[in-house]
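*Asks:* Take this structure first; my questions come after.
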Amino acid sequence: MPVILRSLFACLLWFPASLLAATGQHALTLYGDPPAYPGDFTHFNYVNPQAPKGGTLRLSGFGSFDSLNGFNSRGTPADQLSLIYDSLTFHALDEPFSEYGLLAERIERDPDNLWVRFHLRPQARFHDGEAVKPSDVVFTFNTLVELGAPFYRAYYADVREVLADGPHSVIFHFHHGDNRELPLVLGQMAILPEHWWQGRDFSRGTLEAPLGSGPYRIDQVNAGRSLSFRRVEDYWAADLPVRRGFFNFDRVVVDYYRDTGVALEAFKAGQFDFNQEVSARNWATGYSSPALRDGRIIQEEIPNHNTQGMQGFVFNMRKPMFADVRVRKAISLLFDFEWSNGRLFHNAYKRSSSFFGNSELAADGLPGEDELVLLEPLREQLPAHVFEPAWIPPQTDGSGMIREQMREAYALLQEAGWRIENDRLVNEQGQPLSFEFLLVQADFERILLPFKRNLASLGIDMTLRRVDVSQYINRVRSRDFDMLVASFGQSNSPGNEQREYWHSSSADNPGSRNLMGLQDPTVDTLVEGLIRAESRAALVSHSRALDRLLRAQHILVPNFHTDVYRVAYWNKFSHPEQSPRYDLGLYTWWVDPDKEAALRTRSAQSQSEDR
């Protein structure tokens with residue numbers, strides 16, 4: 001479009017935008033139903049609006065970092081970088097998918113879902129005092145798509161263009177109106193300052209502290225070892241309803257540890273304050289210490305109502321030995337969860353079977369009529385067992401003897417052309433079934449060793465290879481692995497991210513979440529249908545059908561999950577009585593001055609007694 005016509009077009013859009021601004025919404029919901037909080041709400045129910053400000057939150061990071069640019073695929077980005085940025089909207093932590101205005105005070109959505117317009121707050125400011133302008137939004141979107149990680153190109157694929165159409169408004173035009181989630185997804189985009197990035201190479205990693213507009217700014221950086229954030233005292237959004245009661249710590253410090261065992265000992269020694277525990281063994285026995293016994297350390301389990309998603313041992317199906325679904329299923333049968341849960345996990349976990357576990361989105365039993373409407377047109381392309389009860393991993397007696405699973409596994413392997421020869425499983429060409437499991441955490445080796453023994457009993461050789469964080473990230477991005485452990489988190493309203501997980505278009509994109517290299521047109525059809533679902537009922541039907549098909553493909557060995565957050569912290573914090581339903585809500589916590597003083601006293605007494 002010529003510059004003159006583009007300018008005229010922008011002016012025409014600007015005029016009606018100013019007239020319609022008063023009718024914009026304070027929030028967006030996925031299907032247009034009313035949000036839980038009205039336009040005049042003062043704060044969310046799960047925060048303490050009178051929480052005191054002050055104190056320090058000290059956290060741990062794993063491995064190392066070499067970049068403060070978390071938007072591209074270069075290097076290893078530092079943790080907690082989202083603290084320095086604001087987005088157009090804020091995702092409510094107690095609703096499945098509702099977005100409330102943050103940088104945007106009002107949002108207009110086309111009835112046919114062909115565009116969304118965000119009206120920016122005039123008071124919105126970056127940390128250097130510059131106003132957040134529509135041109136910053138345009139710059140951010142175009143930069144992420146052109147120079148950011150491959151994820152962004154897929155995530156925003158349905159956006160046709162973005163234009164600054166007024167002094168405080170920006171409009172996104174879509175290729176079609178089928179993606180109902182897209183306006184909400186765009187609202188979550190962290191907005192970058194165009195003026196700061198001019199003259200800097202966005203495509204590269206950097207240890208220069210970036211400029212943002214969020215509640216914190218980067219304070220100190222010790223490359224690869226630690227970084228700290230300081231609360232912005234004149235933060236422009238501090239009194240907005242979506243920010244009241246949040247971000248109460250004056251400083252947030254992240255120290256990095258290359259070993260999780262060392263990190264746990266550092267926590268017990270008081271080197272950092274808060275630890276979200278992922279190891280059942282550590283949770284059961286690892287925190288035993290004088291500080292735990294006298295109440296200086298608190299262990300707390302907080303309910304987690306999120307869709308649990310899936311963690312599993314992922315097959316790289318680009319590798320010839322994993323191309324056959326029968327081989328993948330056979331290997332899956334040899335993971336004895338019940339034995340591991342009893343002997344290693346203190347019976348703290350539940351076996352995962354669904355990619356949408358702990359929610360109504362999970363497939364169960366035979367396909368319902370709503371699922372059959374989606375699956376029947378694909379019947380000729382689908383395996384017959386998709387129309388049978390959804391696959392569930394077999395349950396063992398926990399004794400460690402899995403003869404039935406081994407017999408079934410070997411039968412599948414024989415069907416696929418494998419046989420045992422000289423205690424090794426080989427194919428028709430005499431090539432052994434051997435693969436490498438890529439690891440970054442030493443703790444996971446104890447989970448894999450029993451699995452390795454079960455595989456070896458059928459002549460399958462699995463080698464464990466542990467590498468450092470940077471090498472691990474590079475190998476994952478380049479798909480240089482046979483098998484690894486990965487998690488695929490899900491929300492209660494899945495959408496665009498499913499393309500990154502399962503769609504053929506993401507299989508060959510470096511950095512995408514399609515780690516297994518899944519390329520299946522039937523999966524693509526269900527993913528696109530899910531993204532375009534016009535109602536909650538349609539979303540549920542598509543999720544169940546997709547879940548059913550993914551489980552039938554045996555793209556990973558399902559692991560396990562828990563429905564609580566396990567957190568340990570030094571007893572200087574308080575948090576609201578009501579936790580957000582779909583998040584831990586760490587940044588609604590605060591340092592309690594009375595608890596902190598008592599902790600200092602008890603710690604000093606303990607040190608005196610030790611001497």
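Following the order of the structure tokens, first chain is A, next is B, and so on, with residues numbered from 1 inside each chain and ligands from 1 in the order they appear.
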For stretch 600-605 of chain A, find every residue with an atom within 12 Å (counting only C-alpha atoms), except residues of its own chain fewer than 2 positions away, and show them as JSON, numbers by chain.
*Replies:* {"A": [269, 270, 290, 291, 292, 294, 295, 296, 297, 570, 571, 572, 593, 594, 595, 596, 597, 598, 607, 608, 609, 610, 611]}
*Asks:* Residues within 7 Å of stretch 131-137 of chain A, please, as a list in words. Count only C-alpha atoms; anything in the same chain fewer than 3 positions from it doesn't count.
*Replies:*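 Answer for this query is Ala124, Arg125, Phe126, Thr140, Phe141, Ala164, His168, Ser169, Val170, Ile191, Leu192, Pro193 and Glu194 of chain A.
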*Asks:* Kindly export the residues of the current selection with C-alpha atoms, as a short mmCIF file (atom, residue, chain, number, x, y, z; two decimals), in the first residue's frame.
*Replies:*
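See part18.cif below for the written result:
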data_model
loop_
_atom_site.label_atom_id
_atom_site.label_comp_id
_atom_site.auth_asym_id
_atom_site.auth_seq_id
_atom_site.Cartn_x
_atom_site.Cartn_y
_atom_site.Cartn_z
CA ALA A 124 1.70 3.86 30.68
CA ARG A 125 5.47 4.41 30.87
CA PHE A 126 8.71 2.56 30.30
CA THR A 140 7.09 -5.65 19.20
CA PHE A 141 4.82 -7.80 17.08
CA ALA A 164 -1.17 2.09 14.93
CA HIS A 168 -3.33 5.66 21.89
CA SER A 169 -4.74 2.75 19.90
CA VAL A 170 -3.45 -0.17 17.86
CA ILE A 191 5.55 -4.93 24.86
CA LEU A 192 9.08 -3.81 24.04
CA PRO A 193 10.38 -0.22 23.71
CA GLU A 194 11.14 0.55 20.08
#
*Asks:* Just give me the gap between atom CA of A:Val386 and atom CA of A:Gln308 in Å, one decimal is fine.
*Replies:* 22.1 Å
*Asks:* Can you tell me which residues surround A:Asp273 at a distance of at most 8 Å, considering only C-alpha atoms, apart from same-chain residues fewer than 3 positions away, and format the answer as a list in words?
*Replies:* Leu57, Arg58, Leu59, Phe267, Gly270, Tyr569 and Trp570 of chain A
*Asks:* Those same residues, written as an mmCIF file, in the first residue's frame with N, CA and C atoms?
*Replies:*
data_model
loop_
_atom_site.group_PDB
_atom_site.id
_atom_site.type_symbol
_atom_site.label_atom_id
_atom_site.label_comp_id
_atom_site.auth_asym_id
_atom_site.auth_seq_id
_atom_site.Cartn_x
_atom_site.Cartn_y
_atom_site.Cartn_z
ATOM 1 N N LEU A 57 12.957 -11.500 48.130
ATOM 2 C CA LEU A 57 12.642 -12.882 47.778
ATOM 3 C C LEU A 57 13.857 -13.445 47.063
ATOM 4 N N ARG A 58 14.460 -14.487 47.636
ATOM 5 C CA ARG A 58 15.631 -15.111 47.038
ATOM 6 C C ARG A 58 15.240 -16.468 46.468
ATOM 7 N N LEU A 59 15.509 -16.668 45.189
ATOM 8 C CA LEU A 59 15.130 -17.882 44.471
ATOM 9 C C LEU A 59 16.379 -18.573 43.939
ATOM 10 N N PHE A 267 19.433 -24.270 50.159
ATOM 11 C CA PHE A 267 18.173 -23.771 50.712
ATOM 12 C C PHE A 267 18.120 -24.012 52.217
ATOM 13 N N GLY A 270 19.908 -21.636 54.256
ATOM 14 C CA GLY A 270 19.433 -20.259 54.245
ATOM 15 C C GLY A 270 19.979 -19.400 53.133
ATOM 16 N N TYR A 569 9.577 -22.942 52.287
ATOM 17 C CA TYR A 569 10.059 -21.560 52.385
ATOM 18 C C TYR A 569 10.452 -21.245 53.819
ATOM 19 N N TRP A 570 11.389 -20.329 53.922
ATOM 20 C CA TRP A 570 11.771 -19.834 55.235
ATOM 21 C C TRP A 570 10.623 -18.981 55.775
#
*Asks:* Run DSSP on the backbone of this structure and report the residues of stretch 174-421 of chain A it assigns to alpha helix (DSSP H), as a PyMOL selection string.
*Replies:* chain A and resi 182-187+194-197+260-268+280-281+290-293+325-333+337-343+369-375+403-415
*Asks:* Find the distance between atom CA of A:Leu374 and atom CA of A:Ser98 and write it in Å to one decimal.
*Replies:*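 Result for atom CA of A:Leu374 versus atom CA of A:Ser98: 27.1 Å, one decimal.
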*Asks:* Separation of atom CA of A:Gly54 and atom CA of A:Arg581, in Å?
*Replies:*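 The value is 25.7 Å.
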*Asks:* Env of A:Gly70: 10 Å cut, atoms = only C-alpha atoms, seq-sep filter 4 positions within chain, self excluded. Answer as a PyMOL selection string.
*Replies:* chain A and resi 74-82+148-149+205-206
